[in-house]
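*Asks:* I'm passing along work_12.csv; it holds CSV, N, CA, C and O atoms.
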chain,number,residue,atom,x,y,z
O,1,MET,N,0.8,-1.2,0.0
O,1,MET,CA,0.0,0.0,0.0
O,1,MET,C,0.9,1.2,0.0
O,1,MET,O,1.7,1.4,0.9
O,2,LYS,N,0.8,2.0,-1.0
O,2,LYS,CA,1.5,3.3,-1.1
O,2,LYS,C,0.4,4.3,-1.4
O,2,LYS,O,-0.2,4.3,-2.4
O,3,LYS,N,0.2,5.2,-0.4
O,3,LYS,CA,-0.9,6.1,-0.6
O,3,LYS,C,-0.6,7.5,0.1
O,3,LYS,O,0.0,7.5,1.2
O,4,THR,N,-1.0,8.6,-0.6
O,4,THR,CA,-0.9,9.9,0.0
O,4,THR,C,-2.3,10.3,0.4
O,4,THR,O,-3.2,10.3,-0.5
O,5,PHE,N,-2.5,10.7,1.6
O,5,PHE,CA,-3.9,11.1,2.1
O,5,PHE,C,-3.9,12.6,2.3
O,5,PHE,O,-2.9,13.2,2.9
O,6,LYS,N,-4.9,13.2,1.8
O,6,LYS,CA,-5.1,14.7,2.0
O,6,LYS,C,-6.2,14.8,3.1
O,6,LYS,O,-7.2,14.2,3.0
O,7,LEU,N,-5.8,15.6,4.2
O,7,LEU,CA,-6.7,15.7,5.3
O,7,LEU,C,-7.7,16.8,5.3
O,7,LEU,O,-8.6,16.9,6.1
O,8,ASP,N,-7.4,17.8,4.3
O,8,ASP,CA,-8.4,18.9,4.3
O,8,ASP,C,-9.5,18.6,3.2
O,8,ASP,O,-9.2,18.2,2.1
O,9,HIS,N,-10.7,18.7,3.7
O,9,HIS,CA,-11.9,18.4,2.9
O,9,HIS,C,-12.9,19.5,3.1
O,9,HIS,O,-13.0,20.0,4.3
O,10,PRO,N,-13.5,20.0,2.1
O,10,PRO,CA,-14.4,21.1,2.3
O,10,PRO,C,-15.6,20.8,3.2
O,10,PRO,O,-16.1,21.8,3.9
O,11,LYS,N,-16.1,19.6,3.3
O,11,LYS,CA,-17.3,19.3,4.1
O,11,LYS,C,-17.0,18.4,5.3
O,11,LYS,O,-17.8,18.4,6.2
O,12,ILE,N,-15.9,17.7,5.3
O,12,ILE,CA,-15.6,16.7,6.3
O,12,ILE,C,-14.6,17.3,7.2
O,12,ILE,O,-13.5,17.8,6.8
O,13,LYS,N,-14.8,17.2,8.5
O,13,LYS,CA,-13.8,17.8,9.5
O,13,LYS,C,-12.6,16.9,9.6
O,13,LYS,O,-12.7,15.7,9.4
O,14,VAL,N,-11.5,17.5,9.9
O,14,VAL,CA,-10.2,16.7,10.0
O,14,VAL,C,-10.2,15.5,10.9
O,14,VAL,O,-9.7,14.4,10.4
O,15,PRO,N,-10.8,15.5,12.1
O,15,PRO,CA,-10.8,14.3,12.9
O,15,PRO,C,-11.5,13.1,12.2
O,15,PRO,O,-11.0,12.0,12.3
O,16,ARG,N,-12.5,13.4,11.4
O,16,ARG,CA,-13.2,12.3,10.7
O,16,ARG,C,-12.4,11.8,9.6
O,16,ARG,O,-12.4,10.6,9.3
O,17,VAL,N,-11.6,12.6,8.9
O,17,VAL,CA,-10.8,12.2,7.8
O,17,VAL,C,-9.6,11.4,8.4
O,17,VAL,O,-9.3,10.3,7.8
O,18,VAL,N,-9.1,11.8,9.5
O,18,VAL,CA,-8.0,11.0,10.2
O,18,VAL,C,-8.5,9.6,10.6
O,18,VAL,O,-7.8,8.6,10.4
O,19,ASP,N,-9.7,9.5,11.1
O,19,ASP,CA,-10.3,8.3,11.4
O,19,ASP,C,-10.5,7.4,10.2
O,19,ASP,O,-10.2,6.2,10.2
O,20,SER,N,-10.8,8.0,9.1
O,20,SER,CA,-11.0,7.3,7.8
O,20,SER,C,-9.6,6.7,7.4
O,20,SER,O,-9.5,5.6,6.9
O,21,VAL,N,-8.6,7.5,7.5
O,21,VAL,CA,-7.2,7.1,7.1
O,21,VAL,C,-6.8,5.9,8.0
O,21,VAL,O,-6.3,4.8,7.5
O,22,LYS,N,-7.0,6.0,9.3
O,22,LYS,CA,-6.7,4.9,10.2
O,22,LYS,C,-7.5,3.6,9.9
O,22,LYS,O,-7.0,2.5,9.9
O,23,HIS,N,-8.7,3.8,9.5
O,23,HIS,CA,-9.6,2.7,9.1
O,23,HIS,C,-9.1,2.0,7.8
O,23,HIS,O,-9.0,0.8,7.7
O,24,ASP,N,-8.7,2.8,6.9
O,24,ASP,CA,-8.1,2.2,5.6
O,24,ASP,C,-6.9,1.4,5.9
O,24,ASP,O,-6.7,0.4,5.3
O,25,ILE,N,-6.0,1.9,6.8
O,25,ILE,CA,-4.8,1.2,7.1
O,25,ILE,C,-5.1,-0.1,7.8
O,25,ILE,O,-4.6,-1.2,7.5
O,26,LYS,N,-6.1,-0.1,8.8
O,26,LYS,CA,-6.5,-1.4,9.5
O,26,LYS,C,-7.1,-2.3,8.5
O,26,LYS,O,-6.9,-3.6,8.6
O,27,LYS,N,-7.9,-1.8,7.6
O,27,LYS,CA,-8.5,-2.7,6.6
O,27,LYS,C,-7.5,-3.4,5.7
O,27,LYS,O,-7.6,-4.6,5.4
O,28,PHE,N,-6.5,-2.6,5.3
O,28,PHE,CA,-5.4,-3.2,4.4
O,28,PHE,C,-4.7,-4.3,5.2
O,28,PHE,O,-4.4,-5.3,4.7
O,29,LEU,N,-4.3,-4.0,6.5
O,29,LEU,CA,-3.6,-5.0,7.3
O,29,LEU,C,-4.4,-6.3,7.4
O,29,LEU,O,-3.9,-7.4,7.3
O,30,LYS,N,-5.7,-6.1,7.7
O,30,LYS,CA,-6.5,-7.3,7.9
O,30,LYS,C,-6.6,-8.1,6.6
O,30,LYS,O,-6.5,-9.3,6.6
O,31,LYS,N,-6.7,-7.4,5.5
O,31,LYS,CA,-6.8,-8.1,4.2
O,31,LYS,C,-5.4,-8.9,3.9
O,31,LYS,O,-5.4,-10.0,3.5
O,32,GLU,N,-4.3,-8.3,4.2
O,32,GLU,CA,-3.0,-8.9,4.0
O,32,GLU,C,-2.8,-10.1,4.9
O,32,GLU,O,-2.2,-11.1,4.5
O,33,ARG,N,-3.2,-10.0,6.1
O,33,ARG,CA,-3.0,-11.1,7.1
O,33,ARG,C,-3.8,-12.3,6.7
O,33,ARG,O,-3.5,-13.4,7.2
O,34,LYS,N,-4.9,-12.1,6.0
O,34,LYS,CA,-5.7,-13.2,5.6
O,34,LYS,C,-5.1,-14.0,4.4
O,34,LYS,O,-5.6,-15.1,4.1
O,35,LYS,N,-4.2,-13.4,3.7
O,35,LYS,CA,-3.6,-14.1,2.6
O,35,LYS,C,-2.8,-15.3,3.0
O,35,LYS,O,-2.2,-15.4,4.1
O,36,PRO,N,-2.7,-16.4,2.2
O,36,PRO,CA,-2.0,-17.6,2.6
O,36,PRO,C,-0.5,-17.3,2.7
O,36,PRO,O,0.1,-16.6,1.9
O,37,LEU,N,0.1,-17.9,3.8
O,37,LEU,CA,1.6,-17.7,4.0
O,37,LEU,C,2.4,-18.6,3.0
O,37,LEU,O,2.0,-19.7,2.7
O,38,PRO,N,3.6,-18.1,2.6
O,38,PRO,CA,4.5,-19.0,1.9
O,38,PRO,C,4.9,-20.1,2.7
O,38,PRO,O,4.9,-20.0,4.0
O,39,SER,N,5.4,-21.2,2.1
O,39,SER,CA,5.8,-22.3,2.9
O,39,SER,C,7.0,-21.9,3.8
O,39,SER,O,7.9,-21.2,3.4
O,40,GLY,N,7.0,-22.4,5.1
O,40,GLY,CA,8.0,-22.1,6.0
O,40,GLY,C,7.8,-20.8,6.8
O,40,GLY,O,8.5,-20.6,7.8
O,41,ALA,N,6.9,-20.0,6.4
O,41,ALA,CA,6.7,-18.7,7.1
O,41,ALA,C,5.7,-18.9,8.2
O,41,ALA,O,4.8,-19.8,8.2
O,42,THR,N,5.9,-18.2,9.3
O,42,THR,CA,5.0,-18.3,10.5
O,42,THR,C,3.9,-17.2,10.5
O,42,THR,O,2.8,-17.5,10.9
O,43,TYR,N,4.2,-16.0,10.1
O,43,TYR,CA,3.2,-14.9,10.2
O,43,TYR,C,3.6,-13.8,9.2
O,43,TYR,O,4.7,-13.8,8.7
O,44,TRP,N,2.7,-12.9,9.0
O,44,TRP,CA,3.0,-11.7,8.2
O,44,TRP,C,3.5,-10.6,9.0
O,44,TRP,O,3.0,-10.3,10.1
O,45,GLY,N,4.6,-10.0,8.6
O,45,GLY,CA,5.1,-8.8,9.2
O,45,GLY,C,5.0,-7.6,8.2
O,45,GLY,O,4.7,-7.9,7.0
O,46,PHE,N,5.2,-6.4,8.6
O,46,PHE,CA,5.0,-5.3,7.7
O,46,PHE,C,6.1,-4.3,7.9
O,46,PHE,O,6.5,-3.9,9.0
O,47,ASP,N,6.7,-3.8,6.8
O,47,ASP,CA,7.6,-2.7,6.8
O,47,ASP,C,6.8,-1.5,6.5
O,47,ASP,O,6.0,-1.4,5.6
O,48,CYS,N,7.0,-0.4,7.3
O,48,CYS,CA,6.2,0.8,7.2
O,48,CYS,C,7.1,2.0,7.0
O,48,CYS,O,8.1,2.1,7.6
O,49,LYS,N,6.7,2.9,6.1
O,49,LYS,CA,7.3,4.2,5.9
O,49,LYS,C,6.2,5.2,6.1
O,49,LYS,O,5.0,5.0,5.6
O,50,PHE,N,6.5,6.3,6.7
O,50,PHE,CA,5.5,7.3,7.0
O,50,PHE,C,6.2,8.7,6.9
O,50,PHE,O,7.3,8.9,7.3
O,51,GLY,N,5.4,9.7,6.4
O,51,GLY,CA,5.9,11.0,6.4
O,51,GLY,C,4.9,12.0,5.7
O,51,GLY,O,3.8,11.6,5.4
O,52,GLN,N,5.4,13.2,5.6
O,52,GLN,CA,4.5,14.2,5.0
O,52,GLN,C,4.5,14.0,3.4
O,52,GLN,O,3.5,14.4,2.8
O,53,SER,N,5.5,13.5,2.9
O,53,SER,CA,5.5,13.2,1.4
O,53,SER,C,6.4,11.9,1.2
O,53,SER,O,7.0,11.4,2.1
O,54,GLU,N,6.4,11.4,0.0
O,54,GLU,CA,7.1,10.2,-0.3
O,54,GLU,C,8.6,10.4,-0.1
O,54,GLU,O,9.3,9.6,0.3
O,55,GLU,N,9.1,11.6,-0.5
O,55,GLU,CA,10.5,11.9,-0.4
O,55,GLU,C,11.0,12.1,1.1
O,55,GLU,O,12.1,11.7,1.4
O,56,SER,N,10.1,12.5,2.0
O,56,SER,CA,10.5,12.7,3.3
O,56,SER,C,10.1,11.6,4.3
O,56,SER,O,10.2,11.7,5.5
O,57,ALA,N,9.6,10.5,3.7
O,57,ALA,CA,9.1,9.4,4.5
O,57,ALA,C,10.3,8.7,5.2
O,57,ALA,O,11.3,8.5,4.6
O,58,VAL,N,10.0,8.3,6.4
O,58,VAL,CA,11.0,7.6,7.2
O,58,VAL,C,10.4,6.2,7.7
O,58,VAL,O,9.2,6.1,7.8
O,59,THR,N,11.2,5.3,8.0
O,59,THR,CA,10.8,4.0,8.5
O,59,THR,C,10.3,4.1,9.9
O,59,THR,O,10.9,4.7,10.8
O,60,VAL,N,9.1,3.5,10.1
O,60,VAL,CA,8.5,3.5,11.5
O,60,VAL,C,8.0,2.1,11.8
O,60,VAL,O,7.8,1.3,10.9
O,61,ASN,N,7.8,1.8,13.0
O,61,ASN,CA,7.2,0.5,13.4
O,61,ASN,C,5.7,0.6,13.2
O,61,ASN,O,5.1,1.6,13.3
O,62,LEU,N,5.1,-0.6,12.9
O,62,LEU,CA,3.7,-0.6,12.7
O,62,LEU,C,2.9,-0.2,13.9
O,62,LEU,O,1.9,0.5,13.8
O,63,SER,N,3.5,-0.5,15.1
O,63,SER,CA,2.8,-0.2,16.3
O,63,SER,C,2.7,1.3,16.6
O,63,SER,O,1.9,1.8,17.3
O,64,SER,N,3.7,2.1,16.0
O,64,SER,CA,3.7,3.5,16.2
O,64,SER,C,3.1,4.3,15.1
O,64,SER,O,3.2,5.6,15.1
O,65,LEU,N,2.5,3.7,14.1
O,65,LEU,CA,2.0,4.3,12.9
O,65,LEU,C,0.9,5.3,13.3
O,65,LEU,O,0.9,6.4,12.8
O,66,THR,N,-0.1,4.8,14.0
O,66,THR,CA,-1.2,5.7,14.4
O,66,THR,C,-0.8,6.9,15.2
O,66,THR,O,-1.3,8.0,15.1
O,67,LYS,N,0.2,6.7,16.1
O,67,LYS,CA,0.7,7.8,16.9
O,67,LYS,C,1.4,8.8,16.0
O,67,LYS,O,1.3,10.0,16.2
O,68,SER,N,2.1,8.3,15.0
O,68,SER,CA,2.8,9.2,14.1
O,68,SER,C,1.8,10.1,13.3
O,68,SER,O,2.0,11.2,13.0
O,69,ILE,N,0.7,9.4,12.9
O,69,ILE,CA,-0.4,10.2,12.2
O,69,ILE,C,-0.9,11.3,13.1
O,69,ILE,O,-1.1,12.4,12.7
O,70,ASP,N,-1.2,11.0,14.4
O,70,ASP,CA,-1.7,12.0,15.3
O,70,ASP,C,-0.7,13.1,15.5
O,70,ASP,O,-1.1,14.3,15.7
O,71,ASP,N,0.6,12.8,15.5
O,71,ASP,CA,1.6,13.8,15.7
O,71,ASP,C,1.6,14.8,14.5
O,71,ASP,O,1.8,16.0,14.7
O,72,LEU,N,1.5,14.3,13.3
O,72,LEU,CA,1.5,15.2,12.1
O,72,LEU,C,0.2,16.0,12.1
O,72,LEU,O,0.3,17.2,11.8
O,73,VAL,N,-0.9,15.5,12.5
O,73,VAL,CA,-2.1,16.2,12.6
O,73,VAL,C,-2.0,17.3,13.6
O,73,VAL,O,-2.5,18.4,13.4
O,74,ALA,N,-1.4,17.0,14.7
O,74,ALA,CA,-1.2,18.0,15.8
O,74,ALA,C,-0.4,19.2,15.3
O,74,ALA,O,-0.5,20.3,15.8
O,75,ASN,N,0.5,19.0,14.4
O,75,ASN,CA,1.4,20.0,13.8
O,75,ASN,C,0.7,20.7,12.6
O,75,ASN,O,1.4,21.4,11.8
O,76,ASN,N,-0.6,20.5,12.4
O,76,ASN,CA,-1.3,21.1,11.3
O,76,ASN,C,-0.8,20.7,9.9
O,76,ASN,O,-0.8,21.5,9.0
O,77,ILE,N,-0.3,19.5,9.7
O,77,ILE,CA,0.2,19.1,8.4
O,77,ILE,C,-1.0,18.3,7.8
O,77,ILE,O,-1.5,17.4,8.4
O,78,MET,N,-1.4,18.7,6.6
O,78,MET,CA,-2.6,18.2,6.0
O,78,MET,C,-2.4,17.2,4.9
O,78,MET,O,-3.3,16.9,4.2
O,79,THR,N,-1.1,16.7,4.7
O,79,THR,CA,-0.9,15.7,3.8
O,79,THR,C,0.0,14.6,4.4
O,79,THR,O,1.0,14.9,5.1
O,80,ILE,N,-0.5,13.4,4.3
O,80,ILE,CA,0.2,12.2,4.9
O,80,ILE,C,0.5,11.2,3.9
O,80,ILE,O,-0.4,10.8,3.1
O,81,TYR,N,1.8,10.7,3.9
O,81,TYR,CA,2.2,9.6,3.0
O,81,TYR,C,2.4,8.3,3.8
O,81,TYR,O,3.1,8.4,4.9
O,82,VAL,N,1.7,7.2,3.4
O,82,VAL,CA,1.9,6.0,4.2
O,82,VAL,C,2.3,4.9,3.1
O,82,VAL,O,1.6,4.8,2.1
O,83,GLU,N,3.3,4.1,3.5
O,83,GLU,CA,3.7,3.0,2.7
O,83,GLU,C,3.8,1.8,3.6
O,83,GLU,O,4.6,1.8,4.5
O,84,ILE,N,3.1,0.7,3.3
O,84,ILE,CA,3.1,-0.5,4.1
O,84,ILE,C,3.4,-1.7,3.1
O,84,ILE,O,2.6,-1.9,2.2
O,85,THR,N,4.5,-2.4,3.4
O,85,THR,CA,4.9,-3.5,2.6
O,85,THR,C,4.8,-4.8,3.4
O,85,THR,O,5.5,-4.9,4.4
O,86,PRO,N,4.0,-5.8,3.0
O,86,PRO,CA,3.9,-7.0,3.8
O,86,PRO,C,5.1,-7.9,3.5
O,86,PRO,O,5.7,-7.9,2.4
O,87,LYS,N,5.6,-8.6,4.5
O,87,LYS,CA,6.7,-9.6,4.3
O,87,LYS,C,6.4,-10.8,5.2
O,87,LYS,O,5.8,-10.7,6.3
O,88,ALA,N,6.7,-12.0,4.7
O,88,ALA,CA,6.5,-13.2,5.4
O,88,ALA,C,7.7,-13.4,6.4
O,88,ALA,O,8.9,-13.2,6.1
O,89,ILE,N,7.3,-13.6,7.7
O,89,ILE,CA,8.3,-13.8,8.8
O,89,ILE,C,8.5,-15.3,9.1
O,89,ILE,O,7.5,-16.0,9.3
O,90,VAL,N,9.7,-15.7,9.1
O,90,VAL,CA,10.0,-17.1,9.4
O,90,VAL,C,10.6,-17.2,10.8
O,90,VAL,O,11.6,-16.5,11.1
O,91,THR,N,10.0,-18.0,11.7
O,91,THR,CA,10.5,-18.2,13.1
O,91,THR,C,10.6,-19.7,13.4
O,91,THR,O,10.1,-20.5,12.6
O,92,GLY,N,11.1,-20.0,14.5
O,92,GLY,CA,11.1,-21.4,14.9
O,92,GLY,C,12.4,-22.1,14.6
O,92,GLY,O,13.4,-21.5,14.3
O,93,ASP,N,12.3,-23.4,14.6
O,93,ASP,CA,13.5,-24.3,14.3
O,93,ASP,C,13.8,-24.2,12.8
O,93,ASP,O,13.0,-24.5,12.0
O,94,ASN,N,15.0,-23.9,12.5
O,94,ASN,CA,15.5,-24.0,11.1
O,94,ASN,C,16.3,-25.3,10.9
O,94,ASN,O,17.3,-25.5,11.6
O,95,PRO,N,15.8,-26.2,10.0
O,95,PRO,CA,16.5,-27.5,9.9
O,95,PRO,C,17.9,-27.4,9.4
O,95,PRO,O,18.8,-28.2,9.7
O,96,GLU,N,18.3,-26.3,8.8
O,96,GLU,CA,19.7,-26.1,8.2
O,96,GLU,C,20.6,-25.8,9.4
O,96,GLU,O,21.8,-26.1,9.3
O,97,THR,N,20.2,-25.1,10.4
O,97,THR,CA,21.1,-24.8,11.5
O,97,THR,C,20.9,-25.7,12.7
O,97,THR,O,21.6,-25.5,13.8
O,98,LYS,N,20.1,-26.7,12.7
O,98,LYS,CA,19.8,-27.6,13.8
O,98,LYS,C,21.1,-28.4,14.1
O,98,LYS,O,21.7,-28.9,13.2
O,99,GLY,N,21.4,-28.5,15.3
O,99,GLY,CA,22.6,-29.4,15.7
O,99,GLY,C,23.9,-28.6,15.8
O,99,GLY,O,24.9,-29.2,16.0
O,100,GLU,N,23.9,-27.3,15.6
O,100,GLU,CA,25.1,-26.6,15.6
O,100,GLU,C,25.4,-26.1,17.0
O,100,GLU,O,24.6,-25.9,17.8
Could you show the structure in this file as structure tokens?
*Replies:*
Amino acid sequence: MKKTFKLDHPKIKVPRVVDSVKHDIKKFLKKERKKPLPSGATYWGFDCKFGQSEESAVTVNLSSLTKSIDDLVANNIMTIYVEITPKAIVTGDNPETKGE
């Protein structure tokens, strides 16, 4: 998901637009987590980038994404760029390294 959200709308107030953005992110995560995992993978992880624009985006943890959105809104920034890339995470016993 690579998307730039504009928070200023002529009829909708900013807090409702922010709620809509957060809902879109949660909906995307739910959809990605339902996809079948590749063989050997345990769960889906996500790489996240966030910023005012694509050029100024920085890597953030998924758990701090909503707080980062709130911080930008508190600073009266009306454009938000969010990039979320799913990745399969492999955990547990690796047969290649077993017995070392």
*Asks:* From the DSSP assignment of the backbone, select every residue of segment 12-88 of chain O that is strand (DSSP E or B), and format the answer as an NGL selection string.
*Replies:* :O and (43-51 or 58-60 or 79-88)
*Asks:* Could you work out how far atom CA of Lys13 of chain O lies from atom C of Ile84 of chain O, giving the answer in Å with one decimal?
*Replies:*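 These two atoms are separated by 26.8 Å.
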*Asks:* Could you tell me how far atom CA of Leu37 of chain O lies from atom CA of Ala57 of chain O, in Å and to one decimal?
*Replies:*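 A separation of 28.1 Å between them.
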*Asks:* Go through O:His9, O:Asn76, O:Trp44, O:Val60 one by one, measure the shortest atom-to-atom distance of each to Leu29 of chain O using all atoms listed in the file, and give the residue with the smallest value.
*Replies:* O:Trp44
*Asks:* When you count all atoms listed in the file, which of these residues is closest to Ile80 of chain O: O:Lys35, O:His23, O:Lys49, O:Lys30?
*Replies:*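 Result for the nearest residue to Ile80 of chain O: O:Lys49.
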